[in-house]
$ cat input.txt   # compact mmCIF, C-alpha atoms and all ligand atoms
# COMPACT_ATOMS: atom_id res chain seq x y z
CA MET A 445 166.19 59.66 52.76
CA THR A 446 167.47 63.20 52.21
CA ALA A 447 171.00 61.83 51.77
CA ALA A 448 169.73 59.63 48.93
CA ALA A 449 168.02 62.70 47.53
CA SER A 450 171.25 64.33 46.45
CA SER A 451 173.28 61.20 45.59
CA ASN A 452 173.40 58.92 42.59
CA ALA A 453 172.97 55.90 44.87
CA GLN A 454 170.28 53.36 44.00
CA LEU A 455 167.02 53.85 45.87
CA ASP A 456 165.66 50.98 47.92
CA LEU A 457 162.25 50.89 46.30
CA PHE A 458 160.66 48.76 48.97
CA GLU A 459 161.90 51.20 51.61
CA VAL A 460 160.66 54.26 49.68
CA ILE A 461 157.13 53.02 48.95
CA HIS A 462 156.76 51.28 52.30
CA THR A 463 157.75 54.49 54.10
CA VAL A 464 155.25 56.56 52.11
CA LEU A 465 152.39 54.11 52.57
CA THR A 466 153.01 53.63 56.29
CA ASP A 467 153.27 57.39 56.83
CA GLY A 468 149.86 57.57 55.14
CA SER A 469 150.32 61.25 54.38
CA VAL A 470 152.59 63.59 52.46
CA ARG A 471 154.37 66.56 54.02
CA LEU A 472 153.64 69.58 51.84
CA PRO A 473 156.09 72.50 51.38
CA ASN A 474 153.93 74.63 53.74
CA GLY A 475 154.54 72.06 56.52
CA SER A 476 151.00 70.63 56.55
CA HIS A 477 150.26 66.94 56.00
CA LYS A 478 148.04 65.73 53.17
CA PRO A 479 146.57 62.27 53.81
CA ILE A 480 147.02 59.75 50.97
CA THR A 481 143.52 58.59 50.17
CA GLY A 482 144.26 56.53 47.06
CA GLY A 483 146.99 54.94 45.03
CA ILE A 484 148.51 51.64 44.08
CA SER A 485 149.62 49.09 46.67
CA LEU A 486 153.17 48.28 47.70
CA ALA A 487 153.07 45.03 45.68
CA GLU A 488 151.81 46.85 42.59
CA ALA A 489 154.46 49.55 42.97
CA LEU A 490 157.18 46.90 43.18
CA GLU A 491 155.74 45.14 40.13
CA LEU A 492 155.80 48.36 38.07
CA ALA A 493 159.35 49.02 39.20
CA SER A 494 160.61 45.56 38.33
CA LEU A 495 159.00 45.77 34.87
CA ILE A 496 161.02 48.95 34.29
CA GLU A 497 164.25 47.57 35.69
CA GLU A 498 164.04 44.14 34.01
CA ASN A 499 163.08 45.56 30.62
CA GLU A 500 165.54 48.46 30.87
CA VAL A 501 162.77 50.95 30.14
CA ARG A 502 163.99 54.56 29.76
CA ARG A 503 160.81 56.50 29.02
CA THR A 504 157.44 56.07 30.72
CA VAL A 505 154.04 57.75 30.84
CA GLU A 506 151.08 57.49 33.21
CA THR A 507 147.57 58.90 33.42
CA GLY A 508 146.46 59.69 36.99
CA VAL A 509 149.20 61.01 39.26
CA ALA A 510 147.13 61.91 42.37
CA PHE A 511 149.37 61.59 45.49
CA GLY A 512 152.13 60.09 43.39
CA VAL A 513 152.50 56.56 44.74
CA SER A 514 152.83 55.08 41.23
CA THR A 515 154.80 58.15 40.11
CA LEU A 516 157.31 57.63 42.89
CA ALA A 517 157.74 53.92 42.10
CA ILE A 518 158.22 54.61 38.39
CA CYS A 519 160.68 57.48 38.89
CA ALA A 520 162.69 55.52 41.49
CA ALA A 521 162.92 52.55 39.12
CA LEU A 522 164.02 54.83 36.26
CA LYS A 523 166.71 56.27 38.50
CA ASN A 524 167.86 52.76 39.43
CA THR A 525 168.29 51.75 35.77
CA GLY A 526 170.99 54.44 35.58
CA ALA A 527 169.96 55.18 31.98
CA THR A 528 170.80 58.63 30.67
CA GLY A 529 167.79 60.73 29.73
CA ALA A 530 165.40 58.56 31.74
CA LEU A 531 162.09 60.40 32.05
CA HIS A 532 158.59 59.77 33.34
CA VAL A 533 155.65 61.88 32.15
CA GLY A 534 152.59 62.08 34.41
CA ILE A 535 149.24 63.38 33.18
CA ASP A 536 146.63 64.66 35.66
CA PRO A 537 144.20 67.59 35.69
CA ASP A 538 144.30 68.12 39.46
CA PRO A 539 147.78 67.49 40.86
CA ARG A 540 148.10 70.94 42.39
CA SER A 541 144.50 71.87 43.23
CA GLN A 542 142.80 68.73 44.56
CA HIS A 543 146.03 66.95 45.54
CA GLU A 544 147.89 70.13 46.64
CA GLY A 545 151.14 69.19 44.92
CA ALA A 546 151.51 66.04 47.04
CA ALA A 547 153.13 64.02 44.23
CA LEU A 548 155.69 66.75 43.55
CA ALA A 549 156.48 66.96 47.26
CA GLN A 550 157.11 63.19 47.38
CA LEU A 551 159.43 63.32 44.38
CA GLU A 552 161.33 66.21 45.95
CA ARG A 553 161.67 64.29 49.23
CA PHE A 554 163.33 61.34 47.50
CA GLY A 555 165.43 63.36 45.05
CA LEU A 556 163.49 62.28 41.97
CA THR A 557 162.23 65.59 40.59
CA SER A 558 164.58 65.54 37.61
CA TYR A 559 163.10 62.26 36.40
CA PHE A 560 159.59 63.67 36.18
CA ARG A 561 157.61 65.91 33.87
CA LEU A 562 154.06 66.88 34.80
CA LEU A 563 151.40 67.60 32.20
CA GLU A 564 148.51 69.30 33.98
CA GLY A 565 145.26 68.53 32.24
CA PRO A 566 143.09 65.59 31.16
CA THR A 567 144.61 62.87 28.97
CA HIS A 568 142.57 63.82 25.92
CA LEU A 569 144.22 67.27 25.88
CA MET A 570 147.71 66.40 27.17
CA ALA A 571 148.61 63.11 25.45
CA PRO A 572 148.19 64.59 21.93
CA LYS A 573 150.83 67.18 22.89
CA LEU A 574 153.25 64.41 23.81
CA LEU A 575 152.49 62.64 20.56
CA ALA A 576 153.07 65.82 18.58
CA GLU A 577 156.48 66.16 20.27
CA GLY A 578 157.40 62.66 19.10
CA PHE A 579 157.61 61.30 22.66
CA HIS A 580 157.67 57.48 22.86
CA ALA A 581 157.62 55.24 25.93
CA GLY A 582 158.59 51.68 26.82
CA LEU A 583 155.98 51.53 29.59
CA ALA A 584 152.59 53.20 29.97
CA PHE A 585 150.38 53.07 33.05
CA ILE A 586 146.64 53.79 32.92
CA ASP A 587 145.19 55.01 36.22
CA GLY A 588 143.32 58.21 35.30
CA LEU A 589 139.56 58.67 35.17
CA HIS A 590 138.08 55.19 35.52
CA ASN A 591 134.97 55.40 33.30
CA PHE A 592 134.91 53.22 30.19
CA ASP A 593 135.11 56.07 27.66
CA TYR A 594 137.94 57.91 29.46
CA THR A 595 139.92 54.70 29.93
CA LEU A 596 139.45 53.84 26.26
CA VAL A 597 140.71 57.33 25.31
CA ASP A 598 143.69 56.81 27.65
CA PHE A 599 144.40 53.53 25.86
CA PHE A 600 143.91 54.96 22.35
CA LEU A 601 146.42 57.76 22.97
CA LEU A 602 148.96 55.89 25.10
CA ASP A 603 148.97 53.07 22.54
CA LYS A 604 150.25 55.58 19.99
CA ILE A 605 152.98 56.69 22.42
CA LEU A 606 153.96 53.12 23.38
CA LEU A 607 156.82 51.53 21.43
CA PRO A 608 156.32 48.08 19.87
CA GLY A 609 157.27 45.54 22.55
CA GLY A 610 156.34 48.13 25.20
CA LEU A 611 154.39 47.34 28.36
CA LEU A 612 150.96 48.65 29.25
CA ALA A 613 149.83 48.36 32.88
CA ILE A 614 146.18 49.03 33.72
CA HIS A 615 144.91 49.55 37.25
CA ASP A 616 141.54 48.89 38.93
CA LEU A 617 140.57 45.79 37.00
CA ASP A 618 137.94 45.17 39.67
CA LEU A 619 135.86 47.77 37.78
CA PRO A 620 133.70 46.53 34.86
CA SER A 621 134.67 49.67 32.89
CA LYS A 622 138.34 48.67 33.02
CA LYS A 623 137.66 45.01 32.22
CA LYS A 624 135.67 46.09 29.18
CA VAL A 625 138.60 48.14 27.86
CA VAL A 626 140.95 45.17 28.32
CA ARG A 627 138.51 43.01 26.38
CA PHE A 628 138.50 45.60 23.60
CA ILE A 629 142.31 45.70 23.49
CA LEU A 630 142.72 41.92 23.35
CA ALA A 631 140.02 41.53 20.68
CA ASN A 632 140.85 44.49 18.46
CA ARG A 633 144.54 45.32 18.87
CA HIS A 634 147.81 43.33 18.83
CA TYR A 635 148.50 42.95 22.54
CA GLU A 636 149.17 39.95 24.77
CA MET A 637 148.45 39.73 28.47
CA LEU A 638 151.43 38.86 30.67
CA ARG A 639 151.09 36.10 33.23
CA TYR A 640 149.69 37.17 36.56
CA ARG A 641 148.97 35.70 39.97
CA PRO A 642 145.23 34.84 39.92
CA GLN A 643 142.82 36.43 42.41
CA PRO A 644 141.98 34.31 45.46
CA LEU A 645 139.00 32.01 44.93
CA ALA A 646 136.83 33.70 47.59
CA ARG A 647 137.18 37.08 45.88
CA THR A 648 136.40 35.51 42.48
CA VAL A 649 133.18 34.07 43.86
CA ARG A 650 132.19 37.46 45.32
CA GLU A 651 132.86 39.16 41.97
CA LEU A 652 130.92 36.48 40.11
CA LEU A 653 127.89 37.05 42.32
CA ARG A 654 128.15 40.78 41.64
CA CYS A 655 128.36 40.15 37.86
CA ILE A 656 125.27 38.01 37.98
CA LYS A 657 123.37 40.51 40.14
CA HIS A 658 124.23 43.50 37.91
CA ARG A 659 124.33 41.55 34.64
CA ASP A 660 127.43 43.49 33.61
CA GLY A 661 128.60 40.85 31.10
CA MET A 662 131.97 40.51 32.84
CA VAL A 663 131.73 36.83 33.79
CA GLY A 664 134.54 35.93 31.33
CA PRO A 665 137.17 38.29 32.78
CA VAL A 666 136.10 37.44 36.33
CA LEU A 667 136.64 33.75 35.61
CA ARG A 668 140.14 34.64 34.40
CA ARG A 669 140.69 35.80 38.00
CA MET A 670 142.55 38.96 36.97
CA PRO A 671 144.24 40.92 39.79
CA ARG A 672 143.65 44.65 40.34
CA MET A 673 146.56 45.51 38.04
CA ILE A 674 147.31 43.66 34.82
CA VAL A 675 150.12 44.11 32.32
CA LEU A 676 149.87 43.78 28.55
CA ARG A 677 152.64 43.78 25.96
CA LYS A 678 152.20 45.65 22.68
CA LEU A 679 153.22 43.18 20.00
CA ASP A 680 153.62 45.54 17.06
CA CYS A 681 152.29 48.74 15.47
CA TRP A 682 149.56 46.97 13.50
CA GLU A 683 146.66 49.15 12.33
CA PRO A 684 143.40 47.48 11.25
CA GLU A 685 141.57 47.95 7.97
CA TRP A 686 139.04 50.81 8.14
CA HIS A 687 136.10 48.37 8.53
CA TYR A 688 137.77 46.03 11.06
CA PHE A 689 135.82 45.25 14.21
CA LYS A 690 135.69 42.27 16.59
CA ALA A 691 132.94 42.11 19.18
CA PHE A 692 134.37 42.22 22.70
C1 LIG B 1 143.30 56.67 41.31
S1 LIG B 1 144.01 58.22 41.13
C2 LIG B 1 145.64 57.83 40.59
C3 LIG B 1 146.49 57.16 41.65
C4 LIG B 1 147.98 57.13 41.32
N1 LIG B 1 148.24 56.42 40.10
C5 LIG B 1 148.77 56.49 42.44
O1 LIG B 1 149.11 55.30 42.39
O2 LIG B 1 149.06 57.19 43.42
C6 LIG B 1 143.24 58.84 39.70
C7 LIG B 1 143.75 60.20 39.22
O3 LIG B 1 143.23 60.42 37.91
C8 LIG B 1 143.12 61.82 37.74
N2 LIG B 1 142.24 62.11 36.61
C9 LIG B 1 140.92 62.43 36.62
N3 LIG B 1 140.48 62.68 35.37
C10 LIG B 1 141.54 62.52 34.55
C11 LIG B 1 141.72 62.66 33.15
N4 LIG B 1 140.71 63.01 32.34
N5 LIG B 1 142.94 62.42 32.62
C12 LIG B 1 143.98 62.06 33.44
N6 LIG B 1 143.86 61.92 34.79
C13 LIG B 1 142.66 62.13 35.33
C14 LIG B 1 142.58 62.31 39.09
O4 LIG B 1 142.88 63.69 39.26
C15 LIG B 1 143.32 61.41 40.06
O5 LIG B 1 144.46 62.08 40.53

$ encode --input "input.txt" --output "structure tokens" --more "lines below"
Ligand SMILES: C[S@@+](CC[C@H](N)C(=O)[O-])C[C@H]1O[C@@H](n2cnc3c(N)ncnc32)[C@H](O)[C@@H]1O
Amino acid sequence: MTAAASSNAQLDLFEVIHTVLTDGSVRLPNGSHKPITGGISLAEALELASLIEENEVRRTVETGVAFGVSTLAICAALKNTGATGALHVGIDPDPRSQHEGAALAQLERFGLTSYFRLLEGPTHLMAPKLLAEGFHAGLAFIDGLHNFDYTLVDFFLLDKILLPGGLLAIHDLDLPSKKKVVRFILANRHYEMLRYRPQPLARTVRELLRCIKHRDGMVGPVLRRMPRMIVLRKLDCWEPEWHYFKAF
């Protein structure tokens, strides 16, 4: 892969992500190995990449970089589009401390450093800076702190960065907090959900039983059999009247 690192050749995305996930760890600059304990799957990485390539996206932003699996997929796809000025911005408070620079090491390994800009800090402090700079993106990925309020803040800010027609991917839809945010978006903002491959029936039944047991009010989304990652399209820049609210 080091040859690809210095060339303009297209990266084989499957090969890159598959290699990283099978290695299961990242080699840090000090020679030690940092195990990858979280991140999106190979299928999800390929889905993000094809969204970028098919929609000729040039600018992207994500919350939650961690070990950089999603970051790698996004940067590799941006490289493959061949677009000038292609850039991915990743927001994370702990990329160097908790994750010991693993994401940066991965990008370096595959020659993708120039496609990436890291904003070290939580979304609520970093995304406003991007907004103030006038940065806009064709794809945003939400995978930061998973609680309802933090995910809603991620959405609120990334929505302002996302261009009309842009794509918003949200991860960990198995969590009620994430489902609730998606319900808010669909009820209160102008977004449509893209088609997805429904969850297997057995998993849906398991989730339904959990909903009933915990009474988390998520029966509706569970019955929609949403996968772990869903993609929404921002239809326009509509802003509601000051008193607008739809229950969700
Ligand atoms: C599930 S991991 C992200 C996985 C990554 N997208 C991947 O596929 O490899 C969640 C990340 O969110 C970060 N995080 C925690 N609080 C955050 C916040 N307030 N804003 C942005 N990111 C946050 C954590 O440091 C962690 O790295």

$ closest_residue --input "input.txt" --among "A:Gly661, A:Ala453, A:Thr507, A:Gln542" --to "Val597 in chain A" --atoms "all atoms listed in the file"
A:Thr507

$ closest_atom_pairs --input "input.txt" --of "chain A" --to "ligand LIG 1 (chain B)" --cutoff "10 Å" --atoms "only C-alpha atoms and all ligand atoms" --output "tab-separated table"
residue	atom	partner	partner_atom	distance
A:Ile480	CA	B:LIG1	O2	8.2
A:Thr481	CA	B:LIG1	O2	8.8
A:Gly482	CA	B:LIG1	C1	5.8
A:Gly483	CA	B:LIG1	O1	3.4
A:Ile484	CA	B:LIG1	O1	4.1
A:Ser485	CA	B:LIG1	O1	7.6
A:Leu486	CA	B:LIG1	O1	9.7
A:Glu488	CA	B:LIG1	O1	8.9
A:Ala489	CA	B:LIG1	O1	7.9
A:Glu506	CA	B:LIG1	N1	7.5
A:Thr507	CA	B:LIG1	C12	4.8
A:Gly508	CA	B:LIG1	O3	3.4
A:Val509	CA	B:LIG1	C4	4.6
A:Ala510	CA	B:LIG1	O5	3.2
A:Phe511	CA	B:LIG1	O2	4.9
A:Gly512	CA	B:LIG1	O2	4.2
A:Val513	CA	B:LIG1	O2	3.7
A:Ser514	CA	B:LIG1	O1	3.9
A:Thr515	CA	B:LIG1	C5	6.7
A:Leu516	CA	B:LIG1	O2	8.3
A:Ala517	CA	B:LIG1	O1	8.7
A:Ile518	CA	B:LIG1	O1	10.0
A:Gly534	CA	B:LIG1	C12	8.7
A:Ile535	CA	B:LIG1	C12	5.4
A:Asp536	CA	B:LIG1	N6	4.0
A:Pro537	CA	B:LIG1	O4	5.4
A:Asp538	CA	B:LIG1	O4	4.7
A:Pro539	CA	B:LIG1	O5	6.4
A:Arg540	CA	B:LIG1	O4	9.5
A:Ser541	CA	B:LIG1	O4	9.2
A:Gln542	CA	B:LIG1	O4	7.3
A:His543	CA	B:LIG1	O5	7.2
A:Ala546	CA	B:LIG1	O2	9.9
A:Ala547	CA	B:LIG1	O2	8.0
A:Leu563	CA	B:LIG1	C12	9.3
A:Glu564	CA	B:LIG1	C12	8.6
A:Gly565	CA	B:LIG1	N5	6.5
A:Pro566	CA	B:LIG1	N5	3.5
A:Thr567	CA	B:LIG1	N5	4.0
A:His568	CA	B:LIG1	N4	6.7
A:Leu569	CA	B:LIG1	N5	8.4
A:Met570	CA	B:LIG1	N5	8.3
A:Ala571	CA	B:LIG1	N5	9.2
A:Phe585	CA	B:LIG1	N1	8.1
A:Ile586	CA	B:LIG1	N1	7.8
A:Asp587	CA	B:LIG1	N1	5.1
A:Gly588	CA	B:LIG1	O3	3.4
A:Leu589	CA	B:LIG1	N3	4.1
A:His590	CA	B:LIG1	C6	7.6
A:Asn591	CA	B:LIG1	N3	9.4
A:Tyr594	CA	B:LIG1	N4	6.5
A:Thr595	CA	B:LIG1	N4	8.7
A:Val597	CA	B:LIG1	N4	9.0
A:Asp598	CA	B:LIG1	N5	7.5
A:Ile614	CA	B:LIG1	N1	10.0
A:His615	CA	B:LIG1	N1	8.1
A:Asp616	CA	B:LIG1	C1	8.3

$ write_last_selection --input "input.txt" --atoms "C-alpha atoms" --output "tab-separated table (two decimals), in the frame of the given file"
chain	number	residue	atom	x	y	z
A	480	ILE	CA	147.02	59.75	50.97
A	481	THR	CA	143.52	58.59	50.17
A	482	GLY	CA	144.26	56.53	47.06
A	483	GLY	CA	146.99	54.94	45.03
A	484	ILE	CA	148.51	51.64	44.08
A	485	SER	CA	149.62	49.09	46.67
A	486	LEU	CA	153.17	48.28	47.70
A	488	GLU	CA	151.81	46.85	42.59
A	489	ALA	CA	154.46	49.55	42.97
A	506	GLU	CA	151.08	57.49	33.21
A	507	THR	CA	147.57	58.90	33.42
A	508	GLY	CA	146.46	59.69	36.99
A	509	VAL	CA	149.20	61.01	39.26
A	510	ALA	CA	147.13	61.91	42.37
A	511	PHE	CA	149.37	61.59	45.49
A	512	GLY	CA	152.13	60.09	43.39
A	513	VAL	CA	152.50	56.56	44.74
A	514	SER	CA	152.83	55.08	41.23
A	515	THR	CA	154.80	58.15	40.11
A	516	LEU	CA	157.31	57.63	42.89
A	517	ALA	CA	157.74	53.92	42.10
A	518	ILE	CA	158.22	54.61	38.39
A	534	GLY	CA	152.59	62.08	34.41
A	535	ILE	CA	149.24	63.38	33.18
A	536	ASP	CA	146.63	64.66	35.66
A	537	PRO	CA	144.20	67.59	35.69
A	538	ASP	CA	144.30	68.12	39.46
A	539	PRO	CA	147.78	67.49	40.86
A	540	ARG	CA	148.10	70.94	42.39
A	541	SER	CA	144.50	71.87	43.23
A	542	GLN	CA	142.80	68.73	44.56
A	543	HIS	CA	146.03	66.95	45.54
A	546	ALA	CA	151.51	66.04	47.04
A	547	ALA	CA	153.13	64.02	44.23
A	563	LEU	CA	151.40	67.60	32.20
A	564	GLU	CA	148.51	69.30	33.98
A	565	GLY	CA	145.26	68.53	32.24
A	566	PRO	CA	143.09	65.59	31.16
A	567	THR	CA	144.61	62.87	28.97
A	568	HIS	CA	142.57	63.82	25.92
A	569	LEU	CA	144.22	67.27	25.88
A	570	MET	CA	147.71	66.40	27.17
A	571	ALA	CA	148.61	63.11	25.45
A	585	PHE	CA	150.38	53.07	33.05
A	586	ILE	CA	146.64	53.79	32.92
A	587	ASP	CA	145.19	55.01	36.22
A	588	GLY	CA	143.32	58.21	35.30
A	589	LEU	CA	139.56	58.67	35.17
A	590	HIS	CA	138.08	55.19	35.52
A	591	ASN	CA	134.97	55.40	33.30
A	594	TYR	CA	137.94	57.91	29.46
A	595	THR	CA	139.92	54.70	29.93
A	597	VAL	CA	140.71	57.33	25.31
A	598	ASP	CA	143.69	56.81	27.65
A	614	ILE	CA	146.18	49.03	33.72
A	615	HIS	CA	144.91	49.55	37.25
A	616	ASP	CA	141.54	48.89	38.93

$ residues_around --input "input.txt" --residues "Lys604 in chain A" --least-positions-apart "4" --cutoff "12 Å" --atoms "only C-alpha atoms" --output "MDAnalysis selection string"
chainID A and resid 505 571:576 578:584 597:600 608 610 612 633 678 680:683

$ closest_residue --input "input.txt" --among "A:Arg659, A:Val666, A:Leu556, A:Gly526" --to "Gln643 in chain A" --atoms "all atoms listed in the file"
A:Val666

$ residues_around --input "input.txt" --residues "Leu472 in chain A" --least-positions-apart "6" --cutoff "8 Å" --atoms "all atoms listed in the file" --output "list in words"
Lys478, Glu544, Gly545, Ala546 and Ala549 of chain A

$ atom_distance --input "input.txt" --atom1 "CA of Thr463 in chain A" --atom2 "CA of Pro642 in chain A"
27.3 Å

$ closest_residue --input "input.txt" --among "A:Asp618, A:Glu498, A:Asp467, A:Glu577" --to "Gln550 in chain A" --atoms "only C-alpha atoms"
A:Asp467

$ atom_distance --input "input.txt" --atom1 "CA of Asn632 in chain A" --atom2 "CA of Leu492 in chain A"
25.0 Å

$ atom_distance --input "input.txt" --atom1 "CA of Ala527 in chain A" --atom2 "CA of Glu459 in chain A"
21.6 Å

$ closest_residue --input "input.txt" --among "A:Ala493, A:Val649, A:Ala613, A:Ala520" --to "Arg553 in chain A" --atoms "all atoms listed in the file"
A:Ala520

$ closest_residue --input "input.txt" --among "A:Leu611, A:Leu617, A:Val625, A:Leu638" --to "Leu596 in chain A" --atoms "only C-alpha atoms"
A:Val625

$ closest_residue --input "input.txt" --among "A:Val626, A:Ala530, A:His477, A:Phe554" --to "Ile461 in chain A" --atoms "only C-alpha atoms"
A:Phe554

$ residues_near_point --input "input.txt" --point "(147.5, 37.0, 26.7)" --cutoff "10 Å" --atoms "all atoms listed in the file" --output "PDB file with C-alpha atoms, in the coordinates of the input"
ATOM      1  CA  LEU A 630     142.720  41.920  23.350  1.00  0.00           C
ATOM      2  CA  TYR A 635     148.500  42.950  22.540  1.00  0.00           C
ATOM      3  CA  GLU A 636     149.170  39.950  24.770  1.00  0.00           C
ATOM      4  CA  MET A 637     148.450  39.730  28.470  1.00  0.00           C
ATOM      5  CA  LEU A 638     151.430  38.860  30.670  1.00  0.00           C
ATOM      6  CA  ARG A 639     151.090  36.100  33.230  1.00  0.00           C
ATOM      7  CA  VAL A 675     150.120  44.110  32.320  1.00  0.00           C
ATOM      8  CA  LEU A 676     149.870  43.780  28.550  1.00  0.00           C
ATOM      9  CA  ARG A 677     152.640  43.780  25.960  1.00  0.00           C
TER      10      ARG A 677
END

$ residues_near_point --input "input.txt" --point "(139.5, 40.5, 19.2)" --cutoff "8 Å" --atoms "all atoms listed in the file" --output "list in words"
Arg627, Phe628, Ile629, Leu630, Ala631, Asn632, Arg633, Phe689, Lys690, Ala691 and Phe692 of chain A

$ build_atoms --input "input.txt" --residues "range 528-541 of chain A" --atoms "N, CA and C atoms" --output "mmCIF file, in the frame of the given file"
data_model
loop_
_atom_site.group_PDB
_atom_site.id
_atom_site.type_symbol
_atom_site.label_atom_id
_atom_site.label_comp_id
_atom_site.auth_asym_id
_atom_site.auth_seq_id
_atom_site.Cartn_x
_atom_site.Cartn_y
_atom_site.Cartn_z
ATOM 1 N N THR A 528 170.778 57.178 30.878
ATOM 2 C CA THR A 528 170.800 58.630 30.670
ATOM 3 C C THR A 528 169.512 59.048 29.966
ATOM 4 N N GLY A 529 169.004 60.193 30.344
ATOM 5 C CA GLY A 529 167.790 60.730 29.730
ATOM 6 C C GLY A 529 166.524 60.023 30.173
ATOM 7 N N ALA A 530 166.601 59.246 31.252
ATOM 8 C CA ALA A 530 165.400 58.560 31.740
ATOM 9 C C ALA A 530 164.366 59.598 32.172
ATOM 10 N N LEU A 531 163.119 59.412 31.742
ATOM 11 C CA LEU A 531 162.090 60.400 32.050
ATOM 12 C C LEU A 531 160.717 59.756 32.160
ATOM 13 N N HIS A 532 159.975 60.210 33.162
ATOM 14 C CA HIS A 532 158.590 59.770 33.340
ATOM 15 C C HIS A 532 157.671 60.973 33.162
ATOM 16 N N VAL A 533 156.621 60.797 32.338
ATOM 17 C CA VAL A 533 155.650 61.880 32.150
ATOM 18 C C VAL A 533 154.345 61.482 32.831
ATOM 19 N N GLY A 534 153.847 62.335 33.716
ATOM 20 C CA GLY A 534 152.590 62.080 34.410
ATOM 21 C C GLY A 534 151.529 63.060 33.942
ATOM 22 N N ILE A 535 150.340 62.532 33.644
ATOM 23 C CA ILE A 535 149.240 63.380 33.180
ATOM 24 C C ILE A 535 148.128 63.376 34.228
ATOM 25 N N ASP A 536 147.708 64.573 34.647
ATOM 26 C CA ASP A 536 146.630 64.660 35.660
ATOM 27 C C ASP A 536 146.076 66.084 35.664
ATOM 28 N N PRO A 537 144.745 66.224 35.676
ATOM 29 C CA PRO A 537 144.200 67.590 35.690
ATOM 30 C C PRO A 537 144.277 68.278 37.045
ATOM 31 N N ASP A 538 144.409 67.509 38.130
ATOM 32 C CA ASP A 538 144.300 68.120 39.460
ATOM 33 C C ASP A 538 145.482 67.909 40.400
ATOM 34 N N PRO A 539 146.698 67.815 39.919
ATOM 35 C CA PRO A 539 147.780 67.490 40.860
ATOM 36 C C PRO A 539 148.047 68.598 41.864
ATOM 37 N N ARG A 540 147.798 69.834 41.472
ATOM 38 C CA ARG A 540 148.100 70.940 42.390
ATOM 39 C C ARG A 540 146.867 71.384 43.172
ATOM 40 N N SER A 541 145.688 71.400 42.518
ATOM 41 C CA SER A 541 144.500 71.870 43.230
ATOM 42 C C SER A 541 144.008 70.801 44.207
#
